[in-house]
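K.L.:
File protein_0.txt follows (compact mmCIF, C-alpha atoms (C1' of nucleotides)):
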# COMPACT_ATOMS: atom_id res chain seq x y z
CA MET A 1 40.37 -71.75 -74.19
CA LYS A 2 37.25 -70.31 -72.65
CA LEU A 3 33.61 -71.10 -73.21
CA SER A 4 31.88 -67.92 -74.40
CA THR A 5 28.69 -66.41 -73.04
CA LYS A 6 26.83 -68.17 -75.82
CA GLY A 7 27.45 -71.53 -74.23
CA ARG A 8 27.23 -70.36 -70.65
CA TYR A 9 24.04 -68.34 -70.98
CA GLY A 10 22.52 -70.78 -73.42
CA LEU A 11 22.82 -73.78 -71.16
CA ARG A 12 21.31 -71.85 -68.27
CA ALA A 13 18.52 -70.68 -70.52
CA LEU A 14 17.76 -74.19 -71.68
CA ILE A 15 17.66 -75.55 -68.15
CA ASP A 16 15.26 -72.76 -67.28
CA LEU A 17 13.18 -73.49 -70.34
CA ALA A 18 13.06 -77.20 -69.57
CA GLN A 19 11.89 -76.47 -66.08
CA TYR A 20 9.09 -74.11 -67.00
CA SER A 21 7.83 -75.47 -70.31
CA GLU A 22 6.01 -78.53 -69.08
CA GLU A 23 2.63 -76.83 -69.12
CA GLU A 24 2.99 -73.98 -71.57
CA PRO A 25 5.51 -72.42 -73.91
CA VAL A 26 8.14 -70.27 -72.26
CA SER A 27 8.76 -66.82 -73.70
CA ILE A 28 12.16 -65.25 -74.14
CA THR A 29 11.01 -62.41 -71.91
CA SER A 30 10.35 -64.74 -69.01
CA ILE A 31 13.68 -66.52 -69.33
CA SER A 32 15.37 -63.17 -69.61
CA ASP A 33 13.67 -61.96 -66.43
CA ARG A 34 14.52 -65.02 -64.41
CA GLN A 35 18.06 -65.41 -65.67
CA GLY A 36 19.06 -61.81 -66.17
CA ILE A 37 20.16 -62.26 -69.77
CA SER A 38 19.45 -59.63 -72.46
CA GLU A 39 16.31 -60.51 -74.44
CA ARG A 40 17.87 -59.61 -77.74
CA TYR A 41 20.90 -61.73 -77.09
CA LEU A 42 18.79 -64.63 -75.89
CA GLU A 43 16.85 -64.49 -79.14
CA GLN A 44 20.01 -65.27 -81.02
CA LEU A 45 20.85 -68.14 -78.73
CA MET A 46 17.37 -69.63 -79.04
CA ALA A 47 17.65 -69.42 -82.82
CA LYS A 48 20.72 -71.62 -82.65
CA LEU A 49 19.06 -74.11 -80.33
CA LYS A 50 16.10 -74.23 -82.66
CA LYS A 51 18.24 -74.75 -85.72
CA ALA A 52 19.91 -77.64 -83.92
CA GLY A 53 16.52 -79.22 -83.29
CA LEU A 54 16.68 -78.95 -79.51
CA VAL A 55 13.73 -76.60 -79.08
CA LYS A 56 10.78 -75.59 -81.18
CA SER A 57 9.08 -72.24 -81.27
CA ILE A 58 5.44 -71.26 -81.14
CA ARG A 59 4.80 -67.86 -82.63
CA GLY A 60 2.27 -65.24 -81.70
CA ALA A 61 0.77 -64.14 -78.43
CA GLY A 62 0.99 -66.77 -75.77
CA GLY A 63 3.76 -68.40 -77.72
CA GLY A 64 7.33 -69.14 -76.79
CA TYR A 65 9.58 -72.15 -76.83
CA VAL A 66 9.28 -75.76 -75.77
CA LEU A 67 11.74 -78.62 -75.92
CA GLU A 68 11.73 -80.51 -79.16
CA LYS A 69 13.26 -83.61 -77.62
CA ASN A 70 13.00 -85.33 -74.33
CA MET A 71 15.25 -83.94 -71.59
CA ASN A 72 17.00 -87.27 -71.29
CA GLU A 73 17.87 -87.19 -74.97
CA ILE A 74 19.62 -83.83 -74.84
CA SER A 75 23.19 -83.79 -73.62
CA VAL A 76 25.15 -80.78 -72.48
CA GLY A 77 27.36 -81.51 -75.47
CA ASP A 78 24.42 -81.12 -77.83
CA VAL A 79 23.61 -77.78 -76.29
CA LEU A 80 27.13 -76.40 -76.22
CA ARG A 81 27.93 -77.53 -79.74
CA ALA A 82 24.71 -75.97 -81.00
CA LEU A 83 25.72 -72.68 -79.44
CA GLU A 84 29.48 -72.58 -79.79
CA GLY A 85 30.08 -74.74 -82.81
CA ASN A 86 32.43 -77.63 -82.43
CA LEU A 87 34.11 -77.82 -79.05
CA ASP A 88 37.51 -79.00 -80.22
CA ALA A 89 40.32 -77.12 -78.49
CA VAL A 90 42.45 -77.55 -81.60
CA GLN A 91 41.14 -78.19 -85.07
CA CYS A 92 43.85 -79.48 -87.26
CA SER A 93 43.43 -81.15 -90.56
CA GLY A 94 45.66 -83.96 -89.36
CA LEU A 95 42.76 -85.08 -87.17
CA ASN A 96 40.37 -85.13 -90.06
CA PRO A 97 41.38 -87.75 -92.63
CA GLU A 98 39.67 -86.08 -95.57
CA GLU A 99 41.43 -82.77 -95.21
CA GLY A 100 44.88 -84.13 -95.77
CA CYS A 101 47.59 -82.51 -93.70
CA LYS A 102 50.93 -83.31 -95.28
CA THR A 103 52.72 -83.76 -92.00
CA ALA A 104 49.98 -85.65 -90.22
CA ASP A 105 51.90 -88.90 -90.11
CA SER A 106 54.93 -87.42 -88.45
CA CYS A 107 53.10 -84.88 -86.32
CA VAL A 108 53.45 -85.49 -82.61
CA THR A 109 51.22 -82.82 -81.14
CA LYS A 110 48.29 -84.19 -83.10
CA TYR A 111 47.84 -86.89 -80.49
CA VAL A 112 47.78 -84.34 -77.73
CA TRP A 113 45.07 -82.32 -79.42
CA GLN A 114 43.11 -85.46 -80.12
CA LYS A 115 43.15 -86.46 -76.46
CA ILE A 116 42.07 -83.03 -75.28
CA ASN A 117 39.25 -82.91 -77.79
CA ASP A 118 38.07 -86.39 -76.87
CA SER A 119 38.05 -85.69 -73.17
CA ILE A 120 36.04 -82.52 -73.57
CA ASN A 121 33.48 -84.16 -75.82
CA GLN A 122 33.13 -87.24 -73.69
CA THR A 123 32.58 -85.15 -70.61
CA VAL A 124 29.87 -82.95 -72.03
CA ASP A 125 28.16 -85.84 -73.79
CA SER A 126 27.86 -87.73 -70.54
CA ILE A 127 25.73 -85.10 -68.81
CA MET A 128 22.07 -85.00 -69.74
CA LEU A 129 19.79 -82.03 -69.43
CA GLU A 130 17.46 -84.14 -67.30
CA GLN A 131 20.04 -84.48 -64.54
CA LEU A 132 20.54 -80.75 -64.40
CA VAL A 133 16.84 -80.01 -64.33
CA GLU A 134 16.31 -82.50 -61.50
CA GLU A 135 19.14 -80.92 -59.60
CA SER A 136 17.75 -77.49 -60.24
CA LYS A 137 14.30 -78.42 -58.97
CA LYS A 138 15.78 -79.74 -55.73
CA LYS A 139 17.54 -76.50 -55.21
CA ALA A 140 14.64 -74.31 -56.22
CA TYR A 141 13.74 -73.42 -52.65
CA THR A 142 16.81 -71.23 -52.40
CA GLU A 143 14.73 -68.72 -54.28
CA ASN A 144 15.58 -66.34 -57.11
CA THR A 145 18.59 -68.29 -58.07
CA MET A 146 20.22 -66.21 -60.71
CA GLN A 147 19.01 -62.70 -60.15
CA ASN A 148 22.40 -61.26 -59.38
CA GLY A 149 23.92 -61.25 -62.81
CA CYS A 150 25.93 -64.44 -62.66
CA LYS A 151 27.79 -64.79 -65.92
CA ASN A 152 28.05 -68.57 -65.87
CA MET B 1 36.91 -72.70 -76.74
CA LYS B 2 40.09 -72.89 -78.80
CA LEU B 3 43.68 -73.20 -77.77
CA SER B 4 45.56 -70.19 -79.14
CA THR B 5 48.79 -70.22 -81.10
CA LYS B 6 50.63 -69.57 -77.86
CA GLY B 7 49.85 -73.05 -76.64
CA ARG B 8 50.04 -74.74 -80.00
CA TYR B 9 53.33 -73.20 -81.14
CA GLY B 10 54.77 -73.27 -77.67
CA LEU B 11 54.32 -76.98 -77.16
CA ARG B 12 55.86 -77.72 -80.54
CA ALA B 13 58.74 -75.40 -79.75
CA LEU B 14 59.38 -77.08 -76.44
CA ILE B 15 59.37 -80.55 -77.98
CA ASP B 16 61.87 -79.29 -80.52
CA LEU B 17 63.98 -77.72 -77.80
CA ALA B 18 63.94 -80.87 -75.72
CA GLN B 19 65.07 -82.86 -78.71
CA TYR B 20 67.98 -80.63 -79.67
CA SER B 21 69.22 -79.30 -76.35
CA GLU B 22 70.91 -82.39 -75.01
CA GLU B 23 74.35 -81.28 -76.13
CA GLU B 24 74.16 -77.53 -76.40
CA PRO B 25 71.73 -74.67 -75.88
CA VAL B 26 69.16 -74.22 -78.62
CA SER B 27 68.68 -70.75 -80.06
CA ILE B 28 65.35 -69.22 -80.93
CA THR B 29 66.57 -68.82 -84.48
CA SER B 30 67.12 -72.53 -84.88
CA ILE B 31 63.72 -73.46 -83.45
CA SER B 32 62.17 -70.83 -85.63
CA ASP B 33 63.86 -72.26 -88.71
CA ARG B 34 62.86 -75.83 -88.00
CA GLN B 35 59.32 -75.08 -86.88
CA GLY B 36 58.46 -72.14 -89.09
CA ILE B 37 57.40 -69.88 -86.24
CA SER B 38 58.23 -66.15 -86.14
CA GLU B 39 61.37 -65.51 -84.10
CA ARG B 40 59.94 -62.49 -82.38
CA TYR B 41 56.82 -64.33 -81.40
CA LEU B 42 58.79 -67.33 -80.18
CA GLU B 43 60.80 -65.00 -77.95
CA GLN B 44 57.64 -64.11 -76.10
CA LEU B 45 56.64 -67.71 -75.72
CA MET B 46 60.05 -68.69 -74.41
CA ALA B 47 59.83 -65.88 -71.89
CA LYS B 48 56.68 -67.44 -70.49
CA LEU B 49 58.21 -70.89 -70.36
CA LYS B 50 61.19 -69.45 -68.57
CA LYS B 51 59.06 -67.58 -66.07
CA ALA B 52 57.27 -70.84 -65.35
CA GLY B 53 60.59 -72.53 -64.64
CA LEU B 54 60.39 -75.00 -67.50
CA VAL B 55 63.42 -73.74 -69.41
CA LYS B 56 66.43 -71.64 -68.57
CA SER B 57 68.26 -69.25 -70.83
CA ILE B 58 71.91 -68.74 -71.57
CA ARG B 59 72.67 -65.28 -72.88
CA GLY B 60 75.23 -64.11 -75.33
CA ALA B 61 76.79 -65.69 -78.37
CA GLY B 62 76.47 -69.43 -78.41
CA GLY B 63 73.64 -69.14 -75.93
CA GLY B 64 70.07 -70.26 -76.18
CA TYR B 65 67.70 -72.30 -74.08
CA VAL B 66 67.85 -75.63 -72.30
CA LEU B 67 65.29 -77.47 -70.22
CA GLU B 68 65.28 -76.52 -66.57
CA LYS B 69 63.59 -79.76 -65.52
CA ASN B 70 63.75 -83.31 -66.64
CA MET B 71 61.51 -84.17 -69.58
CA ASN B 72 59.61 -86.66 -67.49
CA GLU B 73 58.81 -83.99 -64.93
CA ILE B 74 57.20 -81.63 -67.43
CA SER B 75 53.61 -82.32 -68.38
CA VAL B 76 51.74 -80.91 -71.34
CA GLY B 77 49.55 -79.25 -68.73
CA ASP B 78 52.54 -77.42 -67.28
CA VAL B 79 53.46 -76.17 -70.73
CA LEU B 80 49.99 -75.11 -71.80
CA ARG B 81 49.21 -73.40 -68.52
CA ALA B 82 52.51 -71.53 -68.67
CA LEU B 83 51.60 -70.25 -72.11
CA GLU B 84 47.84 -69.80 -71.99
CA GLY B 85 47.24 -69.17 -68.34
CA ASN B 86 44.77 -71.41 -66.61
CA LEU B 87 43.01 -73.84 -68.91
CA ASP B 88 39.58 -73.72 -67.30
CA ALA B 89 36.84 -73.51 -69.89
CA VAL B 90 34.74 -71.53 -67.42
CA GLN B 91 36.09 -69.59 -64.49
CA CYS B 92 33.34 -68.87 -62.08
CA SER B 93 33.78 -67.74 -58.55
CA GLY B 94 31.45 -70.49 -57.44
CA LEU B 95 34.24 -72.95 -58.16
CA ASN B 96 36.66 -71.03 -56.03
CA PRO B 97 35.61 -71.08 -52.37
CA GLU B 98 37.43 -67.88 -51.43
CA GLU B 99 35.79 -65.70 -54.02
CA GLY B 100 32.28 -66.13 -52.73
CA CYS B 101 29.61 -66.34 -55.40
CA LYS B 102 26.27 -65.64 -53.78
CA THR B 103 24.40 -68.20 -55.80
CA ALA B 104 27.04 -70.92 -55.71
CA ASP B 105 24.99 -73.20 -53.52
CA SER B 106 22.01 -73.24 -55.80
CA CYS B 107 23.88 -73.01 -59.07
CA VAL B 108 23.45 -76.02 -61.29
CA THR B 109 25.75 -75.24 -64.18
CA LYS B 110 28.66 -74.95 -61.78
CA TYR B 111 28.95 -78.73 -61.72
CA VAL B 112 29.09 -78.87 -65.48
CA TRP B 113 31.89 -76.35 -65.65
CA GLN B 114 33.74 -78.17 -62.92
CA LYS B 115 33.60 -81.45 -64.81
CA ILE B 116 34.80 -79.89 -68.04
CA ASN B 117 37.66 -78.15 -66.30
CA ASP B 118 38.69 -81.30 -64.49
CA SER B 119 38.67 -83.42 -67.60
CA ILE B 120 40.83 -80.97 -69.52
CA ASN B 121 43.34 -80.64 -66.74
CA GLN B 122 43.53 -84.35 -66.08
CA THR B 123 44.11 -85.06 -69.72
CA VAL B 124 46.94 -82.59 -70.21
CA ASP B 125 48.55 -83.47 -66.90
CA SER B 126 48.71 -87.12 -67.88
CA ILE B 127 50.94 -86.55 -70.91
CA MET B 128 54.60 -85.96 -70.27
CA LEU B 129 57.01 -84.15 -72.54
CA GLU B 130 59.21 -87.23 -72.53
CA GLN B 131 56.59 -89.33 -74.30
CA LEU B 132 56.23 -86.76 -77.03
CA VAL B 133 59.95 -86.42 -77.53
CA GLU B 134 60.33 -90.20 -77.79
CA GLU B 135 57.54 -90.32 -80.30
CA SER B 136 59.09 -87.49 -82.24
CA LYS B 137 62.48 -89.18 -82.42
CA LYS B 138 60.90 -92.32 -83.80
CA LYS B 139 59.26 -90.33 -86.49
CA ALA B 140 62.26 -88.17 -87.27
CA TYR B 141 63.15 -90.10 -90.40
CA THR B 142 60.15 -88.63 -92.16
CA GLU B 143 62.36 -85.63 -92.56
CA ASN B 144 61.72 -81.93 -92.11
CA THR B 145 58.61 -82.47 -90.14
CA MET B 146 57.05 -79.09 -89.82
CA GLN B 147 58.38 -77.07 -92.70
CA ASN B 148 55.06 -76.48 -94.34
CA GLY B 149 53.57 -73.97 -91.96
CA CYS B 150 51.43 -76.25 -89.85
CA LYS B 151 49.62 -74.10 -87.33
CA ASN B 152 49.22 -76.77 -84.69
C1' DT C 1 -10.86 -56.61 -86.32
C1' DT C 2 -7.68 -54.41 -83.84
C1' DT C 3 -4.01 -54.88 -80.59
C1' DA C 4 -0.55 -56.74 -78.04
C1' DA C 5 2.51 -60.43 -77.48
C1' DT C 6 5.45 -63.15 -79.48
C1' DC C 7 9.09 -64.98 -82.57
C1' DC C 8 12.17 -63.87 -86.84
C1' DC C 9 16.02 -61.77 -89.42
C1' DT C 10 19.90 -58.80 -90.56
C1' DA C 11 23.06 -55.37 -89.53
C1' DT C 12 25.99 -52.46 -86.60
C1' DT C 13 29.02 -51.35 -82.92
C1' DG C 14 32.30 -50.89 -78.98
C1' DA C 15 35.46 -53.58 -76.49
C1' DT C 16 38.66 -57.02 -76.13
C1' DT C 17 41.85 -60.41 -77.61
C1' DT C 18 44.99 -62.41 -80.84
C1' DA C 19 49.03 -62.82 -83.40
C1' DC C 20 52.18 -60.73 -84.56
C1' DT C 21 55.83 -56.79 -85.72
C1' DA C 22 59.27 -53.19 -84.27
C1' DG C 23 63.05 -51.17 -81.98
C1' DG C 24 66.19 -51.23 -79.19
C1' DA C 25 69.16 -52.76 -74.69
C1' DT C 26 72.06 -56.13 -72.65
C1' DT C 27 75.14 -60.09 -72.30
C1' DT C 28 78.66 -63.25 -73.88
C1' DC C 29 82.07 -65.36 -76.70
C1' DA C 30 85.76 -65.26 -80.04
C1' DT D 1 85.44 -54.93 -80.74
C1' DG D 2 81.82 -57.23 -83.21
C1' DA D 3 78.75 -60.82 -83.98
C1' DA D 4 75.36 -63.74 -81.86
C1' DA D 5 72.36 -64.35 -78.82
C1' DT D 6 68.64 -63.17 -75.07
C1' DC D 7 65.74 -59.48 -72.85
C1' DC D 8 62.14 -55.89 -72.56
C1' DT D 9 58.47 -52.78 -73.91
C1' DA D 10 55.39 -51.06 -77.03
C1' DG D 11 52.53 -50.83 -81.07
C1' DT D 12 49.07 -52.54 -84.41
C1' DA D 13 45.95 -54.82 -87.89
C1' DA D 14 42.59 -58.24 -87.87
C1' DA D 15 39.41 -61.07 -85.75
C1' DT D 16 36.11 -62.27 -82.33
C1' DC D 17 32.84 -61.27 -78.67
C1' DA D 18 28.86 -59.55 -76.53
C1' DA D 19 25.66 -57.17 -77.21
C1' DT D 20 22.40 -53.51 -79.26
C1' DA D 21 19.26 -51.81 -82.87
C1' DG D 22 15.50 -51.75 -85.96
C1' DG D 23 12.25 -53.47 -88.06
C1' DG D 24 9.09 -57.56 -89.97
C1' DA D 25 5.92 -61.61 -89.62
C1' DT D 26 2.65 -64.35 -87.10
C1' DT D 27 -0.85 -65.40 -83.91
C1' DA D 28 -3.99 -65.32 -79.84
C1' DA D 29 -6.95 -62.77 -77.35
C1' DA D 30 -9.83 -58.60 -76.39
Do you think you could lay out the structure here as structure tokens?

P.N.:
Amino acid sequence: MKLSTKGRYGLRALIDLAQYSEEEPVSITSISDRQGISERYLEQLMAKLKKAGLVKSIRGAGGGYVLEKNMNEISVGDVLRALEGNLDAVQCSGLNPEEGCKTADSCVTKYVWQKINDSINQTVDSIMLEQLVEESKKKAYTENTMQNGCKN
Amino acid sequence: MKLSTKGRYGLRALIDLAQYSEEEPVSITSISDRQGISERYLEQLMAKLKKAGLVKSIRGAGGGYVLEKNMNEISVGDVLRALEGNLDAVQCSGLNPEEGCKTADSCVTKYVWQKINDSINQTVDSIMLEQLVEESKKKAYTENTMQNGCKN
DNA sequence: TTTAATCCCTATTGATTTACTAGGATTTCA
DNA sequence: TGAAATCCTAGTAAATCAATAGGGATTAAA
């Protein structure tokens, strides 16, 4: 029931990217330096964000990544789902009409799982990247934010 | 970000127990038969529920388990936390004042994790075992509910 | 035109967690 | 006493996680 480092690092990386990519592309190396996340691992996370259409890449020297959408069009849910896959705490076929679970009609716990899933998704979909970037800029004066290997 | 079988099986087992324990203790064997969950595994789950004070055990022949509290005093949150440990999607020391995370003050993602954690906990704490048992009784006529190896 | 800075892609690996299984010890009732 | 139950500890195969590794392709700048 835990969010993995993919989601935790990835969201931090994307906030960083959003903050620094207004003028020029941001390289993986620079995010890695500021956030203390392995370059090689970050590469894999950026690939997922790219595939999901949240960032685009610019190859070659001087290249890097920039946002593909506006910050106010990217929700935390979009980011976490891109990185972690679907966020449902329980995936049961009873919740998915097509898949046909035989006992779906009489299954009681189904409603519990549905409520948990809904609450998670609603929460993450209600927070936009823009809010987080604004917040982060305000706090920027407390320099070198993440240099101590925070895992979240 | 998934609930494990501990939580999924365990909640089903406890609903079953609540339903059948009004007159006499319910044995692991009988829950296992009805719910299609391994006896040995169920034992371990029941041990956790007992430790959490949700059920009590009666040893020896004719023994089994009964609820230790009233059904309307046991929330799904109580059950899942007993089985899975804390349900927080992200545990970071910044959320826990005592533990002292150096960057907590300037950390932006902290608020995201807090919101996710809160929404999960609020959701599961708002559903009481009693509701689920009522629902289950209503549906009981659609016989042999869980005999087909449902994993949820 | 070379070189360095980038992103791109696939595979491997060590550690941890999950979902059980196994073997017995203990308690209680008939 | 013997059957039916819980209790307790340990082991284990499979999956997942969190990286690491090694190269390849592209592009800008020197």

K.L.:
Let me make sure I understand: among C:DT6, C:DT18, C:DT13, C:DT27, which one has the smallest atom-to-atom distance to DT27 (chain D) if we use all atoms listed in the file?

P.N.:
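Of C:DT6, C:DT18, C:DT13, C:DT27, the one nearest DT27 (chain D) is C:DT6, counting all atoms listed in the file.
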
K.L.:
Any chance you could tabulate, as a Markdown table, the residues of chain A at most 6 Å from chain C with each one's nearest atom pair and distance in Å to one decimal, using all atoms listed in the file, in chain and rising number order?

P.N.:
| residue | atom | partner | partner_atom | distance |
| --- | --- | --- | --- | --- |
| A:Arg59 | CA | C:DC7 | C1' | 5.2 |
| A:Gly60 | CA | C:DT6 | C1' | 4.4 |
| A:Ala61 | CA | C:DA5 | C1' | 4.2 |
| A:Gly63 | CA | C:DT6 | C1' | 5.8 |

K.L.:
Quick one: distance from CA of Leu45 (chain B) to CA of Lys6 (chain B) in Å, one decimal?

P.N.:
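One can read the CA of Leu45 (chain B) to CA of Lys6 (chain B) distance as 6.6 Å.
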
K.L.:
Report, in Å to a single decimal, how far apart CA of Leu83 (chain A) and CA of Gln44 (chain A) are.

P.N.:
9.5 Å

K.L.:
Would you give me, as a ChimeraX atom specification, the residues of chain A that come within 12 Å of chain D, using all atoms listed in the file?

P.N.:
/A:2-6,9,37-45,57-64,84,151

K.L.:
Report as a list in words the set of chain B residues whose atoms approach chain A to within 7 Å, with distances computed over all atoms listed in the file.

P.N.:
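Only these qualify: Met1, Lys2, Leu3, Arg12, Leu87, Asp88, Ala89, Val90, Cys92, Thr103, Ser106, Val108, Thr109, Lys115, Ile116, Ser119, Ile120, Thr123, Leu132, Glu135, Ser136, Lys139, Thr142, Thr145, Met146 and Asn152 of chain B.
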
K.L.:
Keeping only C-alpha atoms, write the selected residues to a file as an mmCIF file, in the frame of the given file.

P.N.:
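Here's the written file result36.cif:
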data_model
loop_
_atom_site.group_PDB
_atom_site.id
_atom_site.type_symbol
_atom_site.label_atom_id
_atom_site.label_comp_id
_atom_site.auth_asym_id
_atom_site.auth_seq_id
_atom_site.Cartn_x
_atom_site.Cartn_y
_atom_site.Cartn_z
ATOM 1 C CA MET B 1 36.910 -72.700 -76.740
ATOM 2 C CA LYS B 2 40.090 -72.890 -78.800
ATOM 3 C CA LEU B 3 43.680 -73.200 -77.770
ATOM 4 C CA ARG B 12 55.860 -77.720 -80.540
ATOM 5 C CA LEU B 87 43.010 -73.840 -68.910
ATOM 6 C CA ASP B 88 39.580 -73.720 -67.300
ATOM 7 C CA ALA B 89 36.840 -73.510 -69.890
ATOM 8 C CA VAL B 90 34.740 -71.530 -67.420
ATOM 9 C CA CYS B 92 33.340 -68.870 -62.080
ATOM 10 C CA THR B 103 24.400 -68.200 -55.800
ATOM 11 C CA SER B 106 22.010 -73.240 -55.800
ATOM 12 C CA VAL B 108 23.450 -76.020 -61.290
ATOM 13 C CA THR B 109 25.750 -75.240 -64.180
ATOM 14 C CA LYS B 115 33.600 -81.450 -64.810
ATOM 15 C CA ILE B 116 34.800 -79.890 -68.040
ATOM 16 C CA SER B 119 38.670 -83.420 -67.600
ATOM 17 C CA ILE B 120 40.830 -80.970 -69.520
ATOM 18 C CA THR B 123 44.110 -85.060 -69.720
ATOM 19 C CA LEU B 132 56.230 -86.760 -77.030
ATOM 20 C CA GLU B 135 57.540 -90.320 -80.300
ATOM 21 C CA SER B 136 59.090 -87.490 -82.240
ATOM 22 C CA LYS B 139 59.260 -90.330 -86.490
ATOM 23 C CA THR B 142 60.150 -88.630 -92.160
ATOM 24 C CA THR B 145 58.610 -82.470 -90.140
ATOM 25 C CA MET B 146 57.050 -79.090 -89.820
ATOM 26 C CA ASN B 152 49.220 -76.770 -84.690
#

K.L.:
Using only C-alpha atoms, which of B:Leu129, B:Arg34, B:Leu54, B:Leu67 sits nearest Glu22 (chain B)?

P.N.:
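Of all the options, B:Leu67 lies closest to Glu22 (chain B).
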
K.L.:
In Å, how far is it from CA of Gly36 (chain B) to CA of Gly10 (chain B)?

P.N.:
12.1 Å

K.L.:
Please return region 65-77 of chain B, rebuilt to N, CA and C atoms, as a tab-separated table (two decimals), in the frame of the given file.

P.N.:
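Below you can see rebuild-v3.tsv, which holds the result:
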chain	number	residue	atom	x	y	z
B	65	TYR	N	68.51	-71.77	-75.17
B	65	TYR	CA	67.70	-72.30	-74.08
B	65	TYR	C	67.97	-73.78	-73.86
B	66	VAL	N	67.84	-74.20	-72.63
B	66	VAL	CA	67.85	-75.63	-72.30
B	66	VAL	C	66.71	-75.88	-71.31
B	67	LEU	N	66.34	-77.14	-71.19
B	67	LEU	CA	65.29	-77.47	-70.22
B	67	LEU	C	65.79	-77.21	-68.80
B	68	GLU	N	64.91	-76.74	-67.97
B	68	GLU	CA	65.28	-76.52	-66.57
B	68	GLU	C	64.94	-77.76	-65.74
B	69	LYS	N	63.97	-78.51	-66.22
B	69	LYS	CA	63.59	-79.76	-65.52
B	69	LYS	C	63.80	-80.94	-66.44
B	70	ASN	N	63.69	-82.08	-65.87
B	70	ASN	CA	63.75	-83.31	-66.64
B	70	ASN	C	62.49	-83.43	-67.51
B	71	MET	N	62.65	-84.01	-68.69
B	71	MET	CA	61.51	-84.17	-69.58
B	71	MET	C	60.36	-84.95	-68.97
B	72	ASN	N	60.70	-85.87	-68.08
B	72	ASN	CA	59.61	-86.66	-67.49
B	72	ASN	C	58.98	-85.97	-66.29
B	73	GLU	N	59.43	-84.76	-66.02
B	73	GLU	CA	58.81	-83.99	-64.93
B	73	GLU	C	58.00	-82.82	-65.48
B	74	ILE	N	57.96	-82.73	-66.81
B	74	ILE	CA	57.20	-81.63	-67.43
B	74	ILE	C	55.99	-82.21	-68.15
B	75	SER	N	54.81	-81.83	-67.71
B	75	SER	CA	53.61	-82.32	-68.38
B	75	SER	C	53.13	-81.31	-69.42
B	76	VAL	N	52.35	-81.80	-70.36
B	76	VAL	CA	51.74	-80.91	-71.34
B	76	VAL	C	50.92	-79.84	-70.62
B	77	GLY	N	50.31	-80.22	-69.53
B	77	GLY	CA	49.55	-79.25	-68.73
B	77	GLY	C	50.43	-78.12	-68.23
